[in-house]
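Participant: Before anything else, here's the structure in question.
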Amino acid sequence: MQAFDYQRAFSRNIGWITEQEQAHLRGKRVAIAGMGGVGGFHLLTLARLGVGRFNIADLDVFEIENFNRQAGAVMSSVGAAKVDVLARMARDINPEADIGVFPHGVNAQNLDAFFRDVDLYIDGLDFFAFDARERVFAYCSEHGIPAVTVAPLGMSAALLNFLPGEMTFEDYFQVSGRPELDKAIRFLVGLAPALLHRHYLADPSRVNLKERRGPSTVMACQFCAGVAATEALKILLERGKVWAAPHGIQYDGYRNKFAHTWRPGGNSNPINRLAIAIAKRQLGL
């Protein structure tokens with residue numbers, strides 16, 4: 001069996017990044033909460049980029065319903081903890097990777113440990129994990145940790161960056177203390193103000209925010225991983241333009257469209273407020 005060699009394994013990255021930058025990525029630690037739809041792809045993409053240290057969290061196990069979109073979902077992983085499966089897959093790419101595994105997800109008790117020595121957070125939490133997401137982004141804001149979220153919507157990826165000294169997650173989404181359905185609407189509107197994905201939903205009955213369910217595609221999850229890893233590269237290497245919220249970017253593969261939005265005030269912006277009001281009316285709220 002051939003021995004692992006870090007320089008050889010990631011040598012084809014060189015050219016788009018320098019050898020010095022590759023060595024820099026080897027020493028960086030990225031935290032990812034959620035190893036499901038997007039989180040698993042985030043981890044594996046960053047592992048192939050040569051990032052050498054991770055903290056990953058998830059409290060769930062793989063089920064057959066995950067097969068359409070999740071990186072670690074295969075017959076042999078059904079019933080297995082997502083964090084264990086993805087950690088093993090990442091170590092198959094880089095056996096030297098330092099991976100901290102948090103099998104109980106992220107909570108108030110383990111946030112300090114989850115974010116210890118972390119250079120960047122990338123969100124992989126389930127859409128409806130509002131409490132955990134608010135807690136994680138608040139921690140990042142308080143401790144100066146850049147945080148990236150890329151949402152898989154339809155067949156598109158919607159990017160928001162929350163950077164130290166810039167607009168916070170709560171300032172943008174304004175979800176704290178609101179009912180869960182209100183949070184879902186505000187999160188959905190804020191994630192992709194351009195709504196590029198709204199034109200081609202084939203069966204609207206499959207979307208039900210009250211029942212916490214909606215359709216998904218693997219294309220969106222893989223788009224998201226590419227976008228998140230590119231933002232990670234720019235942030236970790238301190239090169240390239242990184243747009244912070246209230247700027248948002250969405251690319252939709254189905255419509256071949258790209259949108260760059262700017263919503264000063266986040267969800268208090270008149271355009272977002274109108275979209276929220278329309279969504280509430282449609283839901284009878």
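Following the order of the structure tokens, chains are lettered A, B, ..., residues in each are numbered from 1, and ligands are numbered from 1.
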Give me the residues within 10 Å of Phe173 of chain A as a ChimeraX atom specification, counting only C-alpha atoms and dropping any in the same chain fewer than 5 places off.
Facilitator: /A:134,168,183,185-191,246,265-268,272
Participant: Name all residues at most 12 Å from Leu153 of chain A (count only C-alpha atoms; drop same-chain ones fewer than 2 positions away) and give them as JSON, numbers by chain.
Facilitator: {"A": [37, 38, 127, 150, 151, 155, 156, 157, 158, 159, 188, 189, 191, 192, 193, 194, 195, 196, 197, 198, 199, 200, 201, 207, 214, 215, 216, 217, 218, 219, 220, 221, 222, 223, 224, 250, 251, 252, 253, 254]}
Participant: Kindly indicate which residue among A:Gly105, A:Pro95, A:Gly34, A:Gly72 lies nearest to Ala9 of chain A, using only C-alpha atoms for the distances.
Facilitator: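 Smallest distance to Ala9 of chain A is found for A:Pro95.
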Participant: Extract, using only C-alpha atoms, all DNA, RNA and protein residues at most 9 Å from Tyr6 of chain A, discarding same-chain residues fewer than 4 positions from it, and format them as a list in words.
Facilitator: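 In the requested form, the answer reads Phe10, Ser11, Arg26, Gly50, Asn94 and Glu96 of chain A.
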Participant: Could the residues in this selection be written to a file with C-alpha atoms, as a short mmCIF file (atom, residue, chain, number, x, y, z; two decimals), in the first residue's frame?
Facilitator:
```
data_model
loop_
_atom_site.label_atom_id
_atom_site.label_comp_id
_atom_site.auth_asym_id
_atom_site.auth_seq_id
_atom_site.Cartn_x
_atom_site.Cartn_y
_atom_site.Cartn_z
CA PHE A 10 -2.39 18.11 -2.76
CA SER A 11 0.27 19.02 -5.34
CA ARG A 26 -2.49 22.58 6.42
CA GLY A 50 -5.62 20.39 2.10
CA ASN A 94 -5.87 12.92 4.58
CA GLU A 96 -2.90 13.14 9.02
#
```
Participant: I'd like to know which of A:Ala47, A:Met89, A:Met75, A:Ile122 is closest to Ala31 of chain A, using only C-alpha atoms.
Facilitator: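 The closest residue to Ala31 of chain A is A:Ile122.
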Participant: Could you name the residues that touch segment 225-241 of chain A at 6 Å or less, counting only C-alpha atoms, but leaving out those on the same chain fewer than 3 positions away, as a PDB file with C-alpha atoms, in the first residue's frame?
Facilitator:
```pdb
ATOM      1  CA  PHE A  41     -19.648  18.020   1.333  1.00  0.00           C
ATOM      2  CA  HIS A  42     -18.061  21.046   3.020  1.00  0.00           C
ATOM      3  CA  LEU A  46     -11.978  21.329   2.377  1.00  0.00           C
ATOM      4  CA  GLN A 222     -22.441  20.333  -4.161  1.00  0.00           C
TER       5      GLN A 222
END
```
Participant: Check the smallest atom-to-atom distance from each of A:Ile32, A:Ala244, A:Arg135, A:Phe62 to Leu111 of chain A using only C-alpha atoms, then report the winner.
Facilitator: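 Distance minimum relative to Leu111 of chain A lands on A:Arg135.
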Participant: Using only C-alpha atoms, which of A:Val101, A:Gln7, A:Ala113, A:Glu63 sits nearest Glu19 of chain A?
Facilitator: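 Comparing A:Val101, A:Gln7, A:Ala113, A:Glu63 against Glu19 of chain A, the winner is A:Gln7.
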Participant: Can you tell me how far atom CA of Gly124 of chain A sits from atom CA of Gly40 of chain A, in Å to one decimal?
Facilitator: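 Value for the atom CA of Gly124 of chain A-atom CA of Gly40 of chain A distance: 7.9 Å.
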Participant: Any idea what's packed within 9 Å of Ile56 of chain A, counting only C-alpha atoms, ignoring anything in its chain fewer than 4 positions away? Could you give it as number ranges by chain?
Facilitator: A: 30-35, 39, 43, 83, 86-87, 99-103, 105, 114
Participant: Write a file of the selected residues as a tab-separated table (two decimals), in the first residue's frame, keeping N, CA and C atoms.
Facilitator:
```tsv
chain	number	residue	atom	x	y	z
A	30	VAL	N	-10.97	24.48	10.74
A	30	VAL	CA	-12.31	24.90	10.35
A	30	VAL	C	-13.34	24.11	11.14
A	31	ALA	N	-14.30	24.81	11.71
A	31	ALA	CA	-15.40	24.16	12.43
A	31	ALA	C	-16.62	24.08	11.52
A	32	ILE	N	-17.27	22.93	11.52
A	32	ILE	CA	-18.48	22.73	10.73
A	32	ILE	C	-19.51	22.05	11.62
A	33	ALA	N	-20.63	22.71	11.87
A	33	ALA	CA	-21.73	22.10	12.61
A	33	ALA	C	-22.75	21.58	11.62
A	34	GLY	N	-23.04	20.28	11.70
A	34	GLY	CA	-23.95	19.64	10.76
A	34	GLY	C	-23.18	18.88	9.70
A	35	MET	N	-23.38	17.57	9.65
A	35	MET	CA	-22.69	16.73	8.67
A	35	MET	C	-23.67	16.11	7.68
A	39	GLY	N	-23.05	19.97	5.06
A	39	GLY	CA	-21.90	19.88	5.94
A	39	GLY	C	-20.90	18.82	5.55
A	43	LEU	N	-16.95	19.44	4.44
A	43	LEU	CA	-15.79	18.79	5.06
A	43	LEU	C	-14.90	18.12	4.01
A	83	VAL	N	-21.20	12.04	12.16
A	83	VAL	CA	-19.86	12.57	12.44
A	83	VAL	C	-18.80	11.49	12.28
A	86	LEU	N	-18.33	10.70	8.42
A	86	LEU	CA	-17.63	11.76	7.68
A	86	LEU	C	-16.20	11.94	8.15
A	87	ALA	N	-15.96	11.75	9.43
A	87	ALA	CA	-14.58	11.83	9.92
A	87	ALA	C	-13.73	10.74	9.26
A	99	ILE	N	-9.02	15.85	13.48
A	99	ILE	CA	-10.46	16.06	13.44
A	99	ILE	C	-11.05	15.87	14.83
A	100	GLY	N	-11.57	16.96	15.38
A	100	GLY	CA	-12.29	16.88	16.65
A	100	GLY	C	-13.75	16.56	16.36
A	101	VAL	N	-14.25	15.49	16.97
A	101	VAL	CA	-15.61	15.00	16.69
A	101	VAL	C	-16.52	15.31	17.87
A	102	PHE	N	-17.67	15.94	17.57
A	102	PHE	CA	-18.64	16.31	18.60
A	102	PHE	C	-19.96	15.59	18.29
A	103	PRO	N	-20.14	14.37	18.85
A	103	PRO	CA	-21.29	13.53	18.48
A	103	PRO	C	-22.62	13.96	19.10
A	105	GLY	N	-23.75	17.13	18.79
A	105	GLY	CA	-24.08	18.39	18.16
A	105	GLY	C	-23.42	19.55	18.87
A	114	PHE	N	-15.88	23.39	21.05
A	114	PHE	CA	-16.10	23.29	19.61
A	114	PHE	C	-15.34	24.37	18.85
```
Participant: Write out as a count of residues only all residues of segment 41-285 of chain A that DSSP puts in strand (DSSP E or B) for this structure's backbone.
Facilitator: 46
Participant: Would you mind telling me which residue in A:Val118, A:Ile249, A:Ile278, A:Ala184 lies nearest to Thr149 of chain A when using only C-alpha atoms?
Facilitator: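 Checking each of A:Val118, A:Ile249, A:Ile278, A:Ala184 against Thr149 of chain A, counting only C-alpha atoms, the winner is A:Ile249.
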Participant: Quick check, in Å to one decimal: how far apart do atom CA of Ala23 of chain A and atom CA of Arg53 of chain A lie?
Facilitator: 12.2 Å
Participant: Quote the spacing between atom CA of Val61 of chain A and atom CA of Ala80 of chain A in Å to one decimal place.
Facilitator: 5.2 Å
Participant: Looking at A:Ser205, A:Ser176, A:Asn256, A:Thr45, which one is nearest to Ile93 of chain A, with distances taken over only C-alpha atoms?
Facilitator: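 Under the stated criterion, the closest residue is A:Thr45.
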